[in-house]
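Chemist: Structure file input28.csv, CSV, C-alpha atoms, is pasted below:
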chain,number,residue,atom,x,y,z
A,23,MET,CA,133.3,110.7,111.5
A,24,PHE,CA,130.2,112.9,111.4
A,25,SER,CA,131.6,114.6,108.4
A,26,SER,CA,132.1,111.3,106.5
A,27,ILE,CA,128.5,110.2,107.4
A,28,ASN,CA,127.2,113.5,106.2
A,29,ASN,CA,129.1,113.3,102.9
A,30,TRP,CA,127.7,109.7,102.5
A,31,PHE,CA,124.2,110.9,103.0
A,32,LYS,CA,124.7,113.8,100.6
A,33,LYS,CA,125.4,111.3,97.8
A,34,LEU,CA,122.1,109.5,98.4
A,35,GLY,CA,119.1,110.9,96.7
A,36,PRO,CA,117.0,109.3,93.9
A,37,GLY,CA,117.2,105.9,95.6
A,38,LEU,CA,115.5,107.3,98.7
A,39,LEU,CA,113.0,109.2,96.6
A,40,PHE,CA,112.2,105.8,94.9
A,41,ALA,CA,111.7,104.3,98.4
A,42,GLY,CA,109.5,107.3,99.4
A,43,ALA,CA,107.4,106.8,96.3
A,44,ALA,CA,107.3,103.0,96.6
A,45,ILE,CA,106.6,102.7,100.3
A,46,GLY,CA,103.0,103.8,100.3
A,47,VAL,CA,99.7,102.0,99.4
A,48,SER,CA,101.6,98.9,98.4
A,49,HIS,CA,103.1,98.6,101.9
A,50,LEU,CA,100.8,100.2,104.4
A,51,VAL,CA,97.6,99.0,102.8
A,52,GLN,CA,98.3,96.0,100.5
A,53,SER,CA,101.1,94.4,102.5
A,54,THR,CA,99.3,94.8,105.8
A,55,ARG,CA,96.2,93.2,104.2
A,56,ALA,CA,98.3,90.4,102.7
A,57,GLY,CA,99.5,89.7,106.2
A,58,ALA,CA,96.0,90.0,107.7
A,59,ASP,CA,94.4,87.7,105.1
A,60,PHE,CA,97.2,85.2,104.4
A,61,GLY,CA,99.6,85.5,107.4
A,62,PHE,CA,103.1,85.0,106.2
A,63,GLY,CA,101.8,83.0,103.2
A,64,LEU,CA,102.6,85.7,100.5
A,65,ILE,CA,106.2,86.4,101.5
A,66,TRP,CA,107.2,84.4,98.4
A,67,ALA,CA,105.2,86.8,96.2
A,68,LEU,CA,106.8,89.9,97.9
A,69,VAL,CA,110.3,88.7,97.5
A,70,LEU,CA,109.8,87.3,94.0
A,71,ILE,CA,108.3,90.5,92.6
A,72,HIS,CA,111.2,92.5,94.0
A,73,ILE,CA,113.6,90.1,92.2
A,74,VAL,CA,111.6,90.2,89.0
A,75,LYS,CA,111.3,94.0,88.8
A,76,TYR,CA,114.7,94.9,90.1
A,77,PRO,CA,116.6,95.2,86.8
A,78,PHE,CA,114.0,97.3,85.1
A,79,PHE,CA,113.9,99.8,88.0
A,80,GLN,CA,117.7,99.9,88.2
A,81,PHE,CA,117.9,100.6,84.4
A,82,GLY,CA,116.4,104.1,85.1
A,83,PRO,CA,119.3,105.6,87.0
A,84,ARG,CA,121.8,103.5,85.1
A,85,TYR,CA,120.7,104.8,81.7
A,86,ALA,CA,120.3,108.4,82.9
A,87,THR,CA,123.7,108.8,84.5
A,88,ALA,CA,125.5,106.8,81.7
A,89,THR,CA,124.0,108.8,78.8
A,90,GLY,CA,123.0,112.1,80.4
A,91,GLU,CA,119.4,111.7,79.3
A,92,SER,CA,116.2,110.3,80.8
A,93,LEU,CA,114.5,107.1,79.8
A,94,LEU,CA,111.9,109.3,78.1
A,95,GLU,CA,114.5,110.6,75.6
A,96,GLY,CA,115.5,107.0,75.1
A,97,TYR,CA,111.9,106.0,74.4
A,98,LYS,CA,111.7,108.6,71.7
A,99,LYS,CA,114.8,107.1,70.1
A,100,LEU,CA,113.0,103.7,70.0
A,101,GLY,CA,110.1,105.5,68.2
A,102,LYS,CA,107.6,108.3,68.9
A,103,SER,CA,104.9,105.7,69.2
A,104,VAL,CA,106.6,104.2,72.3
A,105,LEU,CA,106.7,107.6,73.9
A,106,ALA,CA,103.0,108.3,72.9
A,107,ALA,CA,102.0,104.9,74.4
A,108,TYR,CA,103.7,105.9,77.7
A,109,PHE,CA,101.9,109.3,77.6
A,110,ILE,CA,98.5,107.6,77.2
A,111,ILE,CA,99.1,105.0,79.9
A,112,ASN,CA,100.3,107.7,82.4
A,113,LEU,CA,97.4,109.9,81.6
A,114,ALA,CA,95.0,107.0,82.3
A,115,THR,CA,96.4,106.4,85.8
A,116,ILE,CA,98.0,109.7,87.0
A,117,PHE,CA,94.9,111.0,88.8
A,118,THR,CA,93.7,107.7,90.3
A,119,ILE,CA,97.2,107.0,91.7
A,120,GLN,CA,97.5,110.5,93.2
A,121,ALA,CA,94.0,110.3,94.6
A,122,ALA,CA,94.6,106.8,96.1
A,123,VAL,CA,97.8,107.9,98.0
A,124,THR,CA,96.3,111.2,99.1
A,125,ILE,CA,93.1,109.7,100.5
A,126,VAL,CA,95.0,107.2,102.6
A,127,THR,CA,97.3,110.0,103.9
A,128,ALA,CA,94.2,112.1,104.7
A,129,GLY,CA,92.7,109.2,106.7
A,130,LEU,CA,95.8,108.9,108.8
A,131,ALA,CA,96.1,112.7,109.2
A,132,ALA,CA,92.5,112.8,110.5
A,133,ASN,CA,93.4,110.2,113.1
A,134,LEU,CA,96.7,111.7,114.0
A,135,PHE,CA,95.8,115.4,114.2
A,136,GLY,CA,92.1,115.4,114.7
A,137,ILE,CA,90.5,118.8,113.9
A,138,THR,CA,88.2,117.2,111.3
A,139,THR,CA,87.4,113.7,110.1
A,140,ASN,CA,86.4,114.8,106.7
A,141,PRO,CA,88.9,113.0,104.3
A,142,VAL,CA,88.3,115.4,101.5
A,143,ILE,CA,89.2,118.5,103.6
A,144,TRP,CA,92.4,116.7,104.7
A,145,SER,CA,93.1,115.7,101.1
A,146,ILE,CA,92.9,119.3,100.0
A,147,VAL,CA,95.2,120.4,102.9
A,148,ILE,CA,97.8,117.7,102.3
A,149,THR,CA,97.8,118.4,98.5
A,150,LEU,CA,98.3,122.2,99.2
A,151,ILE,CA,101.1,121.5,101.7
A,152,CYS,CA,102.9,119.2,99.2
A,153,PHE,CA,102.3,121.7,96.4
A,154,LEU,CA,103.9,124.5,98.4
A,155,LEU,CA,106.8,122.3,99.5
A,156,ILE,CA,107.6,121.5,95.9
A,157,ILE,CA,107.2,125.1,94.7
A,158,ILE,CA,109.4,126.5,97.5
A,159,GLY,CA,112.1,123.9,97.7
A,160,LYS,CA,111.9,122.1,94.4
A,161,TYR,CA,114.1,119.0,94.0
A,162,LYS,CA,116.7,120.0,96.7
A,163,LEU,CA,114.1,120.2,99.4
A,164,LEU,CA,112.5,117.0,98.2
A,165,ASP,CA,115.9,115.3,98.3
A,166,ASN,CA,116.7,116.4,101.9
A,167,LEU,CA,113.2,115.9,103.3
A,168,MET,CA,113.0,112.4,102.0
A,169,LYS,CA,116.1,111.4,104.0
A,170,ILE,CA,114.4,112.5,107.2
A,171,ILE,CA,111.1,110.8,106.3
A,172,ILE,CA,112.7,107.4,105.4
A,173,ILE,CA,114.8,107.3,108.6
A,174,THR,CA,111.8,108.1,110.7
A,175,LEU,CA,109.7,105.5,108.9
A,176,THR,CA,112.3,102.8,109.2
A,177,ILE,CA,113.0,103.3,112.9
A,178,SER,CA,109.3,103.5,113.9
A,179,THR,CA,108.4,100.4,111.8
A,180,ILE,CA,111.3,98.3,113.2
A,181,ILE,CA,110.2,99.2,116.8
A,182,ALA,CA,106.6,98.2,116.0
A,183,VAL,CA,107.5,94.9,114.4
A,184,THR,CA,109.9,94.0,117.3
A,185,ILE,CA,107.3,94.6,119.9
A,186,ALA,CA,104.6,92.8,117.9
A,187,SER,CA,106.9,89.7,117.6
A,188,LEU,CA,107.6,89.8,121.4
A,189,LYS,CA,104.0,90.1,122.3
A,190,THR,CA,102.4,87.5,120.0
A,191,ASN,CA,101.2,84.3,121.7
A,192,THR,CA,100.4,82.4,118.5
A,193,THR,CA,102.7,80.0,116.7
A,194,THR,CA,104.1,81.6,113.6
A,195,ASN,CA,103.3,79.6,110.4
A,196,PHE,CA,105.5,80.3,107.4
A,197,THR,CA,103.7,77.9,105.0
A,198,GLN,CA,103.5,79.7,101.6
A,199,ILE,CA,100.2,80.0,99.8
A,200,LEU,CA,99.1,80.3,96.1
A,201,PRO,CA,95.8,82.2,96.1
A,202,GLU,CA,92.8,80.5,94.4
A,203,GLY,CA,89.6,81.9,93.2
A,204,SER,CA,89.0,85.1,91.3
A,205,ILE,CA,88.9,87.4,94.4
A,206,GLU,CA,92.1,86.0,95.9
A,207,ILE,CA,93.9,86.1,92.5
A,208,GLY,CA,92.7,89.6,91.9
A,209,PHE,CA,94.2,90.7,95.2
A,210,LEU,CA,97.5,88.9,94.4
A,211,ILE,CA,97.7,90.8,91.0
A,212,ALA,CA,96.9,94.1,92.7
A,213,PHE,CA,99.5,93.4,95.4
A,214,LEU,CA,102.1,92.6,92.8
A,215,GLY,CA,101.0,95.5,90.6
A,216,TRP,CA,102.1,98.2,93.1
A,217,MET,CA,104.8,96.2,94.8
A,218,PRO,CA,107.3,97.8,95.3
A,219,ALA,CA,105.9,100.3,92.8
A,220,PRO,CA,104.6,100.4,89.2
A,221,LEU,CA,107.4,99.9,86.7
A,222,ASP,CA,106.9,103.3,85.2
A,223,VAL,CA,108.5,104.7,88.4
A,224,SER,CA,111.8,103.8,86.7
A,225,ILE,CA,111.2,106.9,84.5
A,226,TRP,CA,110.9,109.1,87.6
A,227,GLN,CA,114.2,107.5,88.8
A,228,SER,CA,115.9,108.6,85.6
A,229,LEU,CA,114.5,112.2,85.9
A,230,TRP,CA,115.6,112.4,89.6
A,231,ALA,CA,119.1,111.0,88.7
A,232,ILE,CA,119.6,113.8,86.2
A,233,GLU,CA,118.4,116.4,88.7
A,234,LYS,CA,120.9,114.9,91.2
A,235,GLN,CA,123.7,115.2,88.7
A,236,LYS,CA,123.2,118.9,88.6
A,237,ASP,CA,124.4,119.1,92.2
A,238,LYS,CA,128.2,119.0,91.4
A,239,SER,CA,129.1,118.5,95.1
A,240,ALA,CA,127.5,115.1,95.1
A,241,LYS,CA,129.6,113.6,92.3
A,242,PHE,CA,126.6,111.5,91.2
A,243,ASN,CA,128.1,109.1,88.6
A,244,THR,CA,126.7,105.8,87.3
A,245,LYS,CA,128.4,103.7,89.9
A,246,GLN,CA,127.1,105.9,92.7
A,247,ALA,CA,123.6,106.0,91.1
A,248,ILE,CA,123.4,102.2,91.1
A,249,PHE,CA,124.6,102.0,94.7
A,250,ASP,CA,122.1,104.7,95.7
A,251,PHE,CA,119.3,102.8,94.0
A,252,ASN,CA,120.2,99.6,95.7
A,253,ILE,CA,120.0,101.2,99.1
A,254,GLY,CA,116.5,102.4,98.4
A,255,PHE,CA,115.4,99.2,96.8
A,256,VAL,CA,116.6,96.9,99.6
A,257,GLY,CA,114.9,99.3,102.0
A,258,THR,CA,111.5,98.9,100.2
A,259,LEU,CA,111.9,95.1,100.4
A,260,PHE,CA,112.8,95.1,104.1
A,261,LEU,CA,109.9,97.4,105.0
A,262,GLY,CA,107.5,95.4,102.8
A,263,ILE,CA,108.4,92.3,104.9
A,264,CYS,CA,107.9,94.4,108.1
A,265,PHE,CA,104.4,95.5,107.1
A,266,VAL,CA,103.4,91.9,106.1
A,267,SER,CA,104.7,90.8,109.4
A,268,LEU,CA,102.7,93.5,111.3
A,269,GLY,CA,99.5,92.3,109.5
A,270,ALA,CA,100.3,88.6,110.1
A,271,LEU,CA,101.3,89.0,113.8
A,272,ILE,CA,98.5,91.3,114.8
A,273,MET,CA,95.6,90.9,112.4
A,274,TYR,CA,95.7,87.4,111.0
A,275,ASN,CA,92.7,85.4,112.2
A,276,SER,CA,91.4,88.4,114.1
A,277,GLY,CA,88.1,88.4,112.3
A,278,GLU,CA,88.4,92.1,111.6
A,279,THR,CA,87.0,93.3,108.3
A,280,PHE,CA,88.6,96.4,106.8
A,281,SER,CA,86.5,99.4,105.9
A,282,ASN,CA,86.8,101.0,102.4
A,283,ASN,CA,86.5,104.4,104.1
A,284,SER,CA,90.0,105.9,104.5
A,285,VAL,CA,89.4,107.4,107.9
A,286,GLN,CA,87.8,104.3,109.3
A,287,PHE,CA,90.4,102.1,107.7
A,288,SER,CA,93.2,104.2,109.3
A,289,GLN,CA,91.4,104.0,112.7
A,290,GLN,CA,91.0,100.3,112.4
A,291,LEU,CA,94.7,99.9,111.5
A,292,ILE,CA,95.9,102.0,114.4
A,293,ASN,CA,93.4,100.5,116.9
A,294,LEU,CA,94.4,97.0,116.0
A,295,TYR,CA,98.1,97.9,116.5
A,296,THR,CA,97.6,99.7,119.8
A,297,LYS,CA,95.2,97.1,121.1
A,298,ASN,CA,97.9,94.4,120.6
A,299,LEU,CA,101.0,96.5,121.2
A,300,GLY,CA,99.8,98.8,123.9
A,301,SER,CA,98.6,102.4,123.8
A,302,GLU,CA,102.2,103.6,124.4
A,303,MET,CA,102.9,102.5,120.8
A,304,TYR,CA,100.3,104.9,119.3
A,305,ILE,CA,102.9,107.5,118.5
A,306,PHE,CA,105.2,105.0,116.7
A,307,ILE,CA,102.4,103.4,114.7
A,308,THR,CA,100.9,106.7,113.6
A,309,ALA,CA,104.4,108.1,112.8
A,310,ALA,CA,105.2,105.1,110.7
A,311,ALA,CA,101.9,105.1,108.9
A,312,PHE,CA,101.7,108.9,108.3
A,313,THR,CA,105.3,109.3,107.1
A,314,THR,CA,104.8,106.3,104.8
A,315,MET,CA,101.9,107.9,103.0
A,316,PHE,CA,103.0,111.5,103.2
A,317,SER,CA,106.3,110.6,101.5
A,318,THR,CA,104.5,108.8,98.7
A,319,THR,CA,102.0,111.7,98.2
A,320,LEU,CA,104.8,114.2,98.1
A,321,THR,CA,107.0,112.3,95.6
A,322,THR,CA,104.2,111.3,93.3
A,323,LEU,CA,103.0,114.9,93.1
A,324,ASP,CA,106.4,116.0,91.9
A,325,ALA,CA,107.3,113.0,89.7
A,326,SER,CA,104.2,112.6,87.6
A,327,PRO,CA,104.1,116.3,86.4
A,328,ARG,CA,107.9,116.1,85.8
A,329,ALA,CA,107.5,113.0,83.6
A,330,MET,CA,104.4,114.4,81.7
A,331,THR,CA,106.2,117.7,81.1
A,332,LYS,CA,109.3,116.0,79.6
A,333,THR,CA,107.1,113.6,77.5
A,334,PHE,CA,105.0,116.5,76.1
A,335,ASP,CA,108.2,118.5,75.2
A,336,LEU,CA,109.7,115.4,73.4
A,337,LEU,CA,106.4,114.6,71.6
A,338,THR,CA,106.1,118.2,70.3
A,339,SER,CA,109.9,118.7,69.8
A,340,LYS,CA,109.5,122.0,71.7
A,341,SER,CA,110.4,123.2,75.2
A,342,HIS,CA,107.5,124.6,77.2
A,343,LYS,CA,108.7,126.9,79.9
A,344,ASN,CA,105.8,126.6,82.4
A,345,MET,CA,104.6,123.2,81.4
A,346,TYR,CA,105.7,121.6,84.8
A,347,TRP,CA,103.6,124.1,86.7
A,348,PHE,CA,100.6,123.4,84.4
A,349,TRP,CA,100.9,119.6,85.0
A,350,ILE,CA,101.4,119.9,88.8
A,351,SER,CA,98.4,122.3,89.1
A,352,PHE,CA,96.3,120.1,86.8
A,353,LEU,CA,97.2,117.0,88.8
A,354,ALA,CA,96.4,118.7,92.2
A,355,ILE,CA,93.0,120.0,90.9
A,356,GLY,CA,92.2,116.7,89.2
A,357,THR,CA,93.0,114.7,92.3
A,358,ILE,CA,90.8,116.9,94.5
A,359,ALA,CA,88.0,116.7,91.9
A,360,ILE,CA,88.1,112.9,91.9
A,361,LEU,CA,88.0,112.8,95.7
A,362,LEU,CA,85.0,115.3,95.7
A,363,PHE,CA,82.9,113.5,93.1
A,364,PHE,CA,84.0,109.9,93.0
A,365,MET,CA,84.8,109.1,96.7
A,366,SER,CA,82.4,106.2,96.8
A,367,GLU,CA,84.2,104.6,93.8
A,368,MET,CA,87.7,104.9,95.2
A,369,GLY,CA,88.0,101.2,96.0
A,370,MET,CA,87.2,100.3,92.4
A,371,LEU,CA,89.4,103.1,91.0
A,372,ILE,CA,92.4,101.9,93.1
A,373,LYS,CA,91.8,98.3,92.0
A,374,ILE,CA,91.7,99.3,88.3
A,375,ALA,CA,94.9,101.4,88.7
A,376,THR,CA,96.9,98.6,90.5
A,377,ILE,CA,95.8,95.9,88.0
A,378,LEU,CA,96.6,98.3,85.0
A,379,SER,CA,100.0,98.9,86.5
A,380,PHE,CA,100.7,95.1,86.6
A,381,LEU,CA,99.3,94.5,83.0
A,382,THR,CA,101.5,97.3,81.6
A,383,ALA,CA,104.6,96.1,83.4
A,384,PRO,CA,105.8,93.9,80.5
A,385,PHE,CA,105.7,97.0,78.2
A,386,PHE,CA,108.0,99.0,80.5
A,387,ALA,CA,110.2,96.0,81.2
A,388,ILE,CA,110.9,95.3,77.5
A,389,ILE,CA,111.5,98.9,76.5
A,390,ASN,CA,113.8,99.6,79.5
A,391,TYR,CA,115.8,96.4,78.6
A,392,LEU,CA,116.1,97.4,74.9
A,393,LEU,CA,117.4,100.8,75.9
A,394,VAL,CA,120.2,99.8,78.2
A,395,SER,CA,121.2,97.0,75.9
A,396,GLY,CA,121.1,99.1,72.7
A,397,LYS,CA,123.6,101.2,70.8
A,398,ASN,CA,122.9,104.4,72.7
A,399,MET,CA,124.1,103.0,75.9
A,400,PRO,CA,127.9,103.2,76.6
A,401,LYS,CA,129.3,99.6,76.4
A,402,GLU,CA,130.9,99.7,79.9
A,403,TRP,CA,127.5,100.3,81.4
A,404,ARG,CA,125.4,97.8,79.5
A,405,PRO,CA,124.0,95.0,81.7
A,406,SER,CA,126.2,92.0,82.5
A,407,ILE,CA,125.2,88.6,81.3
A,408,GLN,CA,123.8,87.8,84.8
A,409,LEU,CA,121.6,91.0,84.7
A,410,LYS,CA,120.5,90.1,81.2
A,411,ILE,CA,119.4,86.6,82.3
A,412,LEU,CA,117.5,88.1,85.2
A,413,SER,CA,115.9,90.6,82.8
A,414,TRP,CA,114.8,87.8,80.5
A,415,PHE,CA,113.4,85.9,83.4
A,416,GLY,CA,111.6,89.0,84.6
A,417,ILE,CA,110.0,89.7,81.2
A,418,ILE,CA,108.8,86.1,80.8
A,419,PHE,CA,107.4,86.1,84.3
A,420,LEU,CA,105.5,89.4,83.9
A,421,ILE,CA,104.0,88.3,80.6
A,422,ALA,CA,103.1,84.8,81.9
A,423,PHE,CA,101.5,86.2,85.1
A,424,SER,CA,99.5,88.7,83.1
A,425,ILE,CA,98.2,86.0,80.8
A,426,TRP,CA,97.3,83.8,83.8
A,427,TYR,CA,95.4,86.6,85.4
A,428,LEU,CA,93.4,87.5,82.2
A,429,PHE,CA,92.4,83.8,81.8
A,430,SER,CA,91.4,83.5,85.5
A,431,LEU,CA,88.8,86.3,85.2
Could you express the structure from this file as structure tokens?
Modeler:
Amino acid sequence: MFSSINNWFKKLGPGLLFAGAAIGVSHLVQSTRAGADFGFGLIWALVLIHIVKYPFFQFGPRYATATGESLLEGYKKLGKSVLAAYFIINLATIFTIQAAVTIVTAGLAANLFGITTNPVIWSIVITLICFLLIIIGKYKLLDNLMKIIIITLTISTIIAVTIASLKTNTTTNFTQILPEGSIEIGFLIAFLGWMPAPLDVSIWQSLWAIEKQKDKSAKFNTKQAIFDFNIGFVGTLFLGICFVSLGALIMYNSGETFSNNSVQFSQQLINLYTKNLGSEMYIFITAAAFTTMFSTTLTTLDASPRAMTKTFDLLTSKSHKNMYWFWISFLAIGTIAILLFFMSEMGMLIKIATILSFLTAPFFAIINYLLVSGKNMPKEWRPSIQLKILSWFGIIFLIAFSIWYLFSL
């Protein structure tokens, strides 16, 4: 039995990496704040955005395993201008996204391990640790490590939610809310922008799927890739509901105002949980929070340079041997520089990045759909009519919601 379970886990990979990348700021920060500010009122938004984005994320591993090439190579076939547009969009957000996930991880590390409360020092330490893990272990270590992290995260989060639901004395209200006013609408768009992740993460999925296929013992075909993705995707939805629930059960109507300082925010988060759940829950809360953010920091530090390297090679029609190490070093240094010189503007930078992620979502949705429905995709793996209908609905929704937001400013 142990052998069969081990073999099953061996076949999993990119789907859990997706979960590791997705379950981060969107869950720990945005979902918790959604629960704290609106109770269970934004569950509709959480579920709907998962349904809307599902096909476009799934098209990443589907296309990669069916064709043997990443979405980036597919984008080039649609036209170099499409690939160039992705390069520019990614370059505009790569440092802000990495800085955002790193600073939240740093705040949690400061509360968990002590030593120093300086978030910049912790950010540098965490960036170096992630950098070394990727250099030493490359994809294989990332693949194996993420399985441990996601299991730890899931167990600790379920324990925290279960105890919170048992200890709450208030009546749970599941009335759904449509935010009004520019501030609330702005939060909703930011919430949806990174929930469960920006759509360009589908590109990371395609690159990870190709890496996974290199492991011949895993037999990672298209059918397995879709199943693997579904496991990770359902996990992000489940944990998203868990974090909204924690915010709603513990923080809703508490009168607590969150700090924009990462260390103070982390301390507030942990204090609110332990105050309501008991000090014995400290280890579960901190384990859930830290593993959430560390997994995101690690996967994004690997995936963004991997994507930029491939894009640069395709745009120049030339393979650059050490380009991945250039991009990962460039990203690590750029992230630390942002945290050193623009720390006071992090809140605004994160808001810009999340909103930009939402406004560019229709672009990625359309080109991903065109790729998997086009002539380069083997017929047997093109989307079914049901998946096509869901894709059309998703594209219309993302465009309409973006227009609604722009007119609400």
Chemist: Identify, on the basis of all atoms listed in the file, every residue whose closest approach to segment 95-105 of chain A does not exceed 9 Å; exclude the query and any residue fewer than 5 positions from it along the same chain; express the result as a ChimeraX atom specification.
Modeler: /A:85,110,332-333,336-337,389-390,392-393,398
Chemist: Within 12 Å of Phe81 of chain A, counting only C-alpha atoms, which residues qualify if same-chain residues fewer than 2 places away don't, as a PyMOL selection string?
Modeler: chain A and resi 75-79+83-89+92-93+96+221-228+231+244+247-248+251-252+386-395+399+403-405+409-410+413
Chemist: Extract, using only C-alpha atoms, all DNA, RNA and protein residues at most 8 Å from segment 117-120 of chain A, discarding same-chain residues fewer than 2 positions from it, and format them as a count of residues only.
Modeler: 16
Chemist: So which residues touch Ile65 of chain A within 9 Å, counting all atoms listed in the file, skipping near sequence neighbours fewer than 3 positions away, as a list in words?
Modeler: Ala56, Gly57, Gly61, Phe62, Leu68, Val69, Leu70, Phe196, Gln198, Ile199, Ile263 and Val266 of chain A
Chemist: Counting all atoms listed in the file, figure out which residue out of A:Ala329, A:Leu259, A:Leu210, A:Ile272 gets nearest to Phe380 of chain A.
Modeler: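 Among A:Ala329, A:Leu259, A:Leu210, A:Ile272, it is A:Leu210 that comes nearest to Phe380 of chain A.
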Chemist: Need the shell around Leu320 of chain A: protein/DNA/RNA residues with any atom at most 10 Å away, counting only C-alpha atoms. Skip same-chain ones fewer than 5 positions apart. Format as number ranges by chain?
Modeler: A: 39, 42-43, 120, 123-124, 148-149, 151-153, 155-156, 164, 168, 315, 325
Chemist: Quick one, how far is atom CA of Gly300 of chain A from atom CA of Thr194 of chain A?
Modeler: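 Separation of atom CA of Gly300 of chain A and atom CA of Thr194 of chain A: 20.5 Å.
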Chemist: Using atom CA of Gly215 of chain A and atom CA of Tyr427 of chain A as the two end points, give the distance in Å to one decimal.
Modeler: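 Separation between atom CA of Gly215 of chain A and atom CA of Tyr427 of chain A: 11.7 Å.
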Chemist: Considering all atoms listed in the file, can you say which of A:Asn275, A:Thr376, A:Asn293, A:Thr314 comes closest to Phe60 of chain A?
Modeler: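 Among the listed residues, the smallest separation from Phe60 of chain A belongs to A:Asn275.
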Chemist: Could you please determine the separation between atom CA of Trp426 of chain A and atom CA of Ile111 of chain A in Å, to one decimal place?
Modeler: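 Value for the atom CA of Trp426 of chain A-atom CA of Ile111 of chain A distance: 21.6 Å.
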Chemist: With distances taken over all atoms listed in the file, which of A:Ile73, A:Leu38, A:Val256, A:Leu412 is nearest to Leu214 of chain A?
Modeler: A:Ile73
Chemist: Which protein, DNA or RNA residues are at most 10 Å from (94.4, 92.7, 104.7) in the file's coordinates when you count all atoms listed in the file, listed as a CSV table (one decimal) with C-alpha atoms, in the coordinates of the input?
Modeler:
chain,number,residue,atom,x,y,z
A,50,LEU,CA,100.8,100.2,104.4
A,51,VAL,CA,97.6,99.0,102.8
A,52,GLN,CA,98.3,96.0,100.5
A,53,SER,CA,101.1,94.4,102.5
A,54,THR,CA,99.3,94.8,105.8
A,55,ARG,CA,96.2,93.2,104.2
A,56,ALA,CA,98.3,90.4,102.7
A,57,GLY,CA,99.5,89.7,106.2
A,58,ALA,CA,96.0,90.0,107.7
A,59,ASP,CA,94.4,87.7,105.1
A,60,PHE,CA,97.2,85.2,104.4
A,61,GLY,CA,99.6,85.5,107.4
A,209,PHE,CA,94.2,90.7,95.2
A,266,VAL,CA,103.4,91.9,106.1
A,269,GLY,CA,99.5,92.3,109.5
A,270,ALA,CA,100.3,88.6,110.1
A,273,MET,CA,95.6,90.9,112.4
A,274,TYR,CA,95.7,87.4,111.0
A,278,GLU,CA,88.4,92.1,111.6
A,279,THR,CA,87.0,93.3,108.3
A,280,PHE,CA,88.6,96.4,106.8
A,291,LEU,CA,94.7,99.9,111.5
Chemist: Between A:Pro141, A:Gly63, A:Gln80, A:Ile146, which is the closest to Ala354 of chain A once you count only C-alpha atoms?
Modeler: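 Of all the options, A:Ile146 lies closest to Ala354 of chain A.
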Chemist: In terms of the shortest atom-to-atom distance over all atoms listed in the file, which of A:Ser204, A:Ala383, A:Lys401, A:Arg328 is closest to Ile417 of chain A?
Modeler: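 Closest candidate: A:Ala383.
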Chemist: Between A:Ser288, A:Ala67, A:Ser267, A:Asn112, which has the minimum distance to Thr139 of chain A (counting only C-alpha atoms)?
Modeler: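 Nearest to Thr139 of chain A: A:Ser288.
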